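J.: Below: one structure in structure tokens.
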Amino acid sequence: MDTAAALPADLRSRDADRTQQALLRAATEEFAERGLAGARIDAIAERAGVNKRLIYYYFGSKDDLFLAVLEQTYAGIREAERRLELQSLAPPDAVRRLVQFTWHYYLEHPEFLTLLNSANLHRARHLKESKRVRELNSPLVQLLGEVLERGRRDGIFRGGVDPVQLYISIAGLAYFYLSNNHTLSAIFARDLAAPKALSERLSHITEVVMGYLLRD
């Protein structure tokens, strides 16, 4: 008798959910460490402690699994951004909080940066197939746009600021520094990962962004 089939449907569902989450965690680690090309299905299955056939059963292929990891990764940062409740803050405080959050999130989730590097190496062909990722990004852009408009109406922010361009600038100022920290430290002969250097960088990013937004 098939033991899994004999279980109640809700237990089978919970077991399937646990297995898929274990595979996604293992795949995130493997892809972050080795990239899409270097990641191995056998290694992912071993990390998750499951038979590798379950990867094909739940996700279809290594490329499909990589997309699932990217979608979950974006869902994680978007959910964390949602909890910032920027709509309840004064516009300058909302932007400062978003800058600080982005910086600290990248610091605390280095796998986010390495997964993005891998996705870009493959020209985002996986993300281009994902409607979910586009839907995840839309609420953030809308919310940031509302914050900018409130600031403009209050006479605090300059007008005509594109929320997409602003978010890219915030992300880019943090991303480039952290993803290139080793080379930048070597080139400038400074430990740019030291706590003091990281604190100075966050202050710099915040001043650059606010200096652009605030009216004289």
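Residue numbering restarts at 1 for every chain of the structure tokens, chains are lettered A, B, ... in their displayed order, and ligands are numbered from 1 as they appear.
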Which residues are close to Ala22 (chain A), i.e. within 9 Å by only C-alpha atoms, leaving aside same-chain residues fewer than 2 positions away? Reply as a short mmCIF file (atom, residue, chain, number, x, y, z; two decimals) with N, CA, C and O atoms, in the first residue's frame.
T.:
```
data_model
loop_
_atom_site.label_atom_id
_atom_site.label_comp_id
_atom_site.auth_asym_id
_atom_site.auth_seq_id
_atom_site.Cartn_x
_atom_site.Cartn_y
_atom_site.Cartn_z
N ASP A 17 4.60 20.70 1.21
CA ASP A 17 5.05 22.08 1.42
C ASP A 17 6.41 22.10 2.10
O ASP A 17 7.29 22.88 1.72
N ARG A 18 6.59 21.24 3.11
CA ARG A 18 7.87 21.18 3.82
C ARG A 18 8.99 20.75 2.88
O ARG A 18 10.09 21.30 2.91
N THR A 19 8.70 19.77 2.04
CA THR A 19 9.71 19.28 1.10
C THR A 19 10.10 20.36 0.11
O THR A 19 11.29 20.58 -0.16
N GLN A 20 9.11 21.07 -0.43
CA GLN A 20 9.40 22.13 -1.39
C GLN A 20 10.20 23.26 -0.75
O GLN A 20 11.13 23.79 -1.36
N LEU A 24 13.87 24.56 -1.77
CA LEU A 24 14.13 25.96 -2.10
C LEU A 24 15.27 26.53 -1.25
O LEU A 24 16.12 27.27 -1.76
N ARG A 25 15.30 26.17 0.04
CA ARG A 25 16.40 26.64 0.89
C ARG A 25 17.73 26.07 0.41
O ARG A 25 18.73 26.79 0.32
N ALA A 26 17.73 24.78 0.10
CA ALA A 26 18.96 24.14 -0.37
C ALA A 26 19.39 24.71 -1.71
O ALA A 26 20.58 24.94 -1.95
N ALA A 27 18.43 24.93 -2.59
CA ALA A 27 18.74 25.48 -3.91
C ALA A 27 19.26 26.90 -3.80
O ALA A 27 20.18 27.30 -4.53
N ARG A 47 21.70 18.47 0.06
CA ARG A 47 21.53 19.53 1.07
C ARG A 47 20.14 19.45 1.70
O ARG A 47 19.98 19.67 2.91
N ALA A 48 19.13 19.17 0.86
CA ALA A 48 17.75 19.13 1.35
C ALA A 48 17.42 17.81 2.03
O ALA A 48 16.40 17.72 2.72
N GLY A 49 18.24 16.80 1.82
CA GLY A 49 18.00 15.49 2.41
C GLY A 49 16.84 14.75 1.75
O GLY A 49 16.10 14.03 2.43
N VAL A 50 16.68 14.93 0.42
CA VAL A 50 15.59 14.26 -0.30
C VAL A 50 16.14 13.62 -1.56
O VAL A 50 17.26 13.89 -1.98
#
```
J.: Please list as a VMD selection string every residue within 12 Å of region 122-124 of chain A, counting only C-alpha atoms and excluding residues in the same chain fewer than 4 positions away.
T.: chain A and resid 35 to 37 63 66 to 67 70 115 to 118 128 to 130 133
J.: Counting only C-alpha atoms, which residue out of A:Tyr58, A:Ile44, A:Asn180, A:Leu140 sits closest to Ala80 (chain A)?
T.: A:Leu140
J.: Neighbouring residues of Val208 (chain A) were defined as those with any atom within 12 Å, considering only C-alpha atoms; residues of the same chain fewer than 6 positions away were excluded. Please report them as JSON, numbers by chain.
T.: {"A": [95, 96, 99, 166, 169, 170, 173, 174, 201, 202, 214]}
J.: When you look at Ala39 (chain A) with a cut-off of 10 Å (counting only C-alpha atoms), what residues show up, excluding the ones that are within fewer than 6 positions of it in the same chain? I need them as an MDAnalysis selection string.
T.: chainID A and resid 27:33 62 66
J.: Go through A:Leu178, A:Lys52, A:Val209, A:Pro163 and flag the residue nearest Ala197 (chain A), using only C-alpha atoms for the distances.
T.: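 Nearest candidate to Ala197 (chain A) out of A:Leu178, A:Lys52, A:Val209, A:Pro163: A:Leu178.
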J.: To one decimal in Å, tell me the separation between CA of Ile41 (chain A) and CA of Ile55 (chain A).
T.: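 Interatomic distance here is 7.8 Å.
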J.: Which of these residues is nearest to Ile77 (chain A), using only C-alpha atoms: A:Glu108, A:Glu146, A:Asp162, A:Asp154?
T.: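 The answer is A:Glu108, which sits nearest to Ile77 (chain A).
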J.: Rank nothing, just name the residue among A:Arg132, A:His109, A:Arg34, A:Arg40 nearest to Ser179 (chain A), using only C-alpha atoms.
T.: A:His109
J.: Based on the backbone DSSP call, show me all residues of region 101-190 of chain A assigned helix (DSSP H, G or I), as a PyMOL selection string.
T.: chain A and resi 101-108+110-121+127-129+131-153+163-179+181-188
J.: Using only C-alpha atoms, find the one residue out of A:Gln21, A:Thr206, A:Arg153, A:Tyr175 that sits nearest to Leu107 (chain A).
T.: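 Residue with the minimum atom-to-atom distance to Leu107 (chain A): A:Tyr175.
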J.: List the neighbours of Gly159 (chain A) out to 10 Å using only C-alpha atoms; skip same-chain residues closer than 2 positions along the sequence, and give me the result as a list in words.
T.: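 Those residues are Leu148, Glu149, Gly151, Arg152, Arg153, Gly155, Ile156, Phe157, Val161, Asp162, Leu213, Leu214 and Arg215 of chain A.
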J.: Could you tell me which of A:Asp15, A:Asp64, A:Glu81, A:Glu135 comes closest to Ala94 (chain A) if we count only C-alpha atoms?
T.: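 Of the candidates, the smallest distance to Ala94 (chain A) is held by A:Glu81.
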J.: What is the CA of Leu198 (chain A) to CA of Thr183 (chain A) distance in Å?
T.: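 CA of Thr183 (chain A) lies at a distance of 15.4 Å from CA of Leu198 (chain A).
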